[in-house]
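Trainee: Starting off with a structure, shown below.
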Amino acid sequence: MTANAVLSPGPPPNREPSPGVSQMVRLIRESWAEVEPQADDVARFFYGMLFSLSPATRDLFAVNMEVQRSRLLRALVHVIQMVDRPDDLLPFLHQLGRDHRKFGVVSAHYEAVGTALLASIKKHAGPAWTESVERAWAEAYTVMASAMTEAAAADEGPAWYNGEIVHHERLSWDVAIVRVQPDHPVPYQPGQYVSVEVPQRPRLWRYLTPANAPREDGTMEFHIKSVEGGWVSRALVGHARPGDTWRIGSPMGRLSVDRERDRDVLMIAGGTGLTPMRAIIDDLAQYGDNPRVQLFYGGRNRDDLYDLEGLQRVAMSNPWLTVTPVLENDPGATGAEHGTLADVVTRYGAWSERDVLVSGSPAMIRATVSRMLVAGTPLDHIQYDPFTLD
């Protein structure tokens, strides 16, 4: 599992779980609460055990395991949040299983992963680990592994797509636009993200979100911000070049707008978290009749709003779209709201009649969603993808 969960606790279950499932969920969450303060040690022990049980799995990962350990635990937290919500959990696991085909993962690997996972949690849970807790974790992992392996086996597409950079434009010292031409169109939906492996950083797969709706020629545009300490993002902004070949994994994520719903939309995007919103807006612009979309686009200063002029041009020809720039640390700037995105959005009220889409850094998503819940926004109206770039 390879991604970063950003919010806890998760939304309520889709339906009332059975008593047996409720007991399993309770045992998993209570035992994890004992383990979570030792998360880094859990991850280190897990990978040490995994590589001991299945030495071949070591070649699936980069030499530097720091990011991978972080991702494992954050992904596990996300699954724990959804364990009693099968309508959300199973689609996520299906996507994850298809995505993991790019690593060459086979069924035997899942057995080793399960053994290592339970051993690591047992070691760090102390007295909280009982036969009932072990049984609950084993049952939950069996469901997870089965969903992932079944989805991987049923996927008839390639394990990954090859794509060539056809355009690299550096907008500033830390932001670049990269356009990639895949050898075959990647079957993503507007708002979804994909994992990529680039020649500058072999085996360091990272998640990127296309900023455009699918096009006839299959080209994908990515807006990439160099992250402090980010091995891949810094390499892409500074050193990616036309002609480079990327590997692109299966699409993931469920961020979307349903045009058939009788509900307007609120979009909240920070920095390059704009990309899924940009892709959805790009898709909606093909139609004459759309729900009203209010986009709050935020950054520390005006320079962070790298695509503001482009969005404003789209809004001029699409009356259903309103764009509000938000600046957190640029008090002298005019033509924008001032404050954090969480501050500004909640000044307008609860937005209880809208579908809400949130995208940005983990901290921004956490702060914004939390503030909106306090303001009265219904939790089941809010969408966000729980994974982000390192």
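In the structure tokens, chains take the letters A, B, ... in the order shown, each chain's residues start at 1, and ligands count up from 1 in the order shown.
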Just list as a VMD selection string whatever in region 70-204 of chain A DSSP marks as helix (DSSP H, G or I).
Mentor: chain A and resid 70 to 82 86 to 103 107 to 128 131 to 154
Trainee: Extract the full set of strand (DSSP E or B) residues from region 7-231 of chain A according to DSSP on the backbone, and format it as a VMD selection string.
Mentor: chain A and resid 161 to 170 175 to 182 193 to 198 201 to 208 210 220 to 225
Trainee: What's around Thr275 (chain A) at 7 Å? Count only C-alpha atoms, leave out sequence neighbours fewer than 6 positions away in its own chain, and write the answer as a PyMOL selection string.
Mentor: chain A and resi 209-211+223
Trainee: Between A:Ser233, A:Thr149, A:Ser54, A:Ser317, which is the closest to Ser107 (chain A) once you count only C-alpha atoms?
Mentor: A:Thr149
Trainee: Using only C-alpha atoms for the distances, tell me which of A:Thr368, A:Thr334, A:Thr142, A:Thr377 is nearest to Asp355 (chain A).
Mentor: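 Nearest to Asp355 (chain A): A:Thr377.
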Trainee: Per residue of region 53-136 of chain A within 12 Å of region 251-272 of chain A, what are the shortest atom pair and its distance in Å to one decimal, counting only C-alpha atoms, with rows by chain and residue number, as CSV?
Mentor:
residue,atom,partner,partner_atom,distance
A:Asp88,CA,A:Arg254,CA,9.5
A:Leu89,CA,A:Arg254,CA,11.5
A:Pro91,CA,A:Arg254,CA,9.0
A:Phe92,CA,A:Gly253,CA,7.5
A:Leu93,CA,A:Met252,CA,10.0
A:His94,CA,A:Met252,CA,9.3
A:Gln95,CA,A:Met252,CA,5.7
A:Leu96,CA,A:Met252,CA,7.4
A:Gly97,CA,A:Met252,CA,10.3
A:Arg98,CA,A:Pro251,CA,8.7
A:Asp99,CA,A:Pro251,CA,7.4
A:His100,CA,A:Pro251,CA,11.2
A:Lys102,CA,A:Pro251,CA,11.9
Trainee: Mind dumping the selected residues with C-alpha atoms as a PDB file, in the first residue's frame?
Mentor:
ATOM      1  CA  ASP A  88     -16.008   3.038  -0.170  1.00  0.00           C
ATOM      2  CA  LEU A  89     -13.366   0.507   0.860  1.00  0.00           C
ATOM      3  CA  PRO A  91     -13.531   0.354  -4.841  1.00  0.00           C
ATOM      4  CA  PHE A  92     -10.402   1.773  -3.213  1.00  0.00           C
ATOM      5  CA  LEU A  93      -8.894  -1.710  -2.766  1.00  0.00           C
ATOM      6  CA  HIS A  94      -9.785  -2.631  -6.355  1.00  0.00           C
ATOM      7  CA  GLN A  95      -7.959   0.455  -7.619  1.00  0.00           C
ATOM      8  CA  LEU A  96      -5.004  -0.289  -5.350  1.00  0.00           C
ATOM      9  CA  GLY A  97      -4.817  -3.886  -6.572  1.00  0.00           C
ATOM     10  CA  ARG A  98      -4.807  -2.815 -10.218  1.00  0.00           C
ATOM     11  CA  ASP A  99      -2.204  -0.154  -9.474  1.00  0.00           C
ATOM     12  CA  HIS A 100       0.110  -2.643  -7.721  1.00  0.00           C
ATOM     13  CA  LYS A 102       3.153  -2.257 -11.954  1.00  0.00           C
TER      14      LYS A 102
END
Trainee: When you count only C-alpha atoms, which of these residues is closest to Gln286 (chain A): A:Glu134, A:Pro214, A:Ala112, A:Ser195?
Mentor: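 Of A:Glu134, A:Pro214, A:Ala112, A:Ser195, the one nearest Gln286 (chain A) is A:Pro214, counting only C-alpha atoms.
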Trainee: Residues near Glu221 (chain A), anyone? I mean within 7 Å using only C-alpha atoms, not counting same-chain ones fewer than 3 positions away, as a list in words.
Mentor: Ile177, Val178, Arg179, Val180, Pro210, Ala211 and Asn212 of chain A
Trainee: Save the residues we just selected, N, CA, C and O atoms, as an mmCIF file, in the first residue's frame?
Mentor:
data_model
loop_
_atom_site.group_PDB
_atom_site.id
_atom_site.type_symbol
_atom_site.label_atom_id
_atom_site.label_comp_id
_atom_site.auth_asym_id
_atom_site.auth_seq_id
_atom_site.Cartn_x
_atom_site.Cartn_y
_atom_site.Cartn_z
ATOM 1 N N ILE A 177 5.078 22.836 -15.715
ATOM 2 C CA ILE A 177 4.031 22.123 -16.434
ATOM 3 C C ILE A 177 4.709 21.098 -17.338
ATOM 4 O O ILE A 177 5.644 21.425 -18.077
ATOM 5 N N VAL A 178 4.263 19.858 -17.259
ATOM 6 C CA VAL A 178 4.826 18.778 -18.064
ATOM 7 C C VAL A 178 3.694 18.107 -18.827
ATOM 8 O O VAL A 178 2.688 17.708 -18.225
ATOM 9 N N ARG A 179 3.855 17.984 -20.142
ATOM 10 C CA ARG A 179 2.875 17.254 -20.956
ATOM 11 C C ARG A 179 3.498 15.949 -21.425
ATOM 12 O O ARG A 179 4.648 15.918 -21.879
ATOM 13 N N VAL A 180 2.721 14.891 -21.293
ATOM 14 C CA VAL A 180 3.198 13.550 -21.607
ATOM 15 C C VAL A 180 2.278 12.922 -22.644
ATOM 16 O O VAL A 180 1.040 13.032 -22.544
ATOM 17 N N PRO A 210 -3.532 14.406 -13.496
ATOM 18 C CA PRO A 210 -3.642 15.161 -14.747
ATOM 19 C C PRO A 210 -4.501 16.408 -14.547
ATOM 20 O O PRO A 210 -5.519 16.372 -13.863
ATOM 21 N N ALA A 211 -4.085 17.506 -15.173
ATOM 22 C CA ALA A 211 -4.811 18.775 -15.058
ATOM 23 C C ALA A 211 -5.783 18.971 -16.204
ATOM 24 O O ALA A 211 -6.389 20.037 -16.317
ATOM 25 N N ASN A 212 -5.940 17.977 -17.052
ATOM 26 C CA ASN A 212 -6.853 18.078 -18.193
ATOM 27 C C ASN A 212 -7.754 16.859 -18.240
ATOM 28 O O ASN A 212 -7.397 15.777 -17.756
#
Trainee: For Arg302 (chain A), which residue among A:Pro331, A:Tyr110, A:Ala285, A:Met316 is the nearest when counting only C-alpha atoms?
Mentor: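 Answer, going by the shortest atom-to-atom distance: A:Pro331.
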Trainee: For each of A:Trp160, A:Tyr306, A:Phe296, A:Tyr287, take the minimum atom-to-atom distance to Asn318 (chain A), counting only C-alpha atoms, then give the residue where this is smallest.
Mentor: A:Tyr287
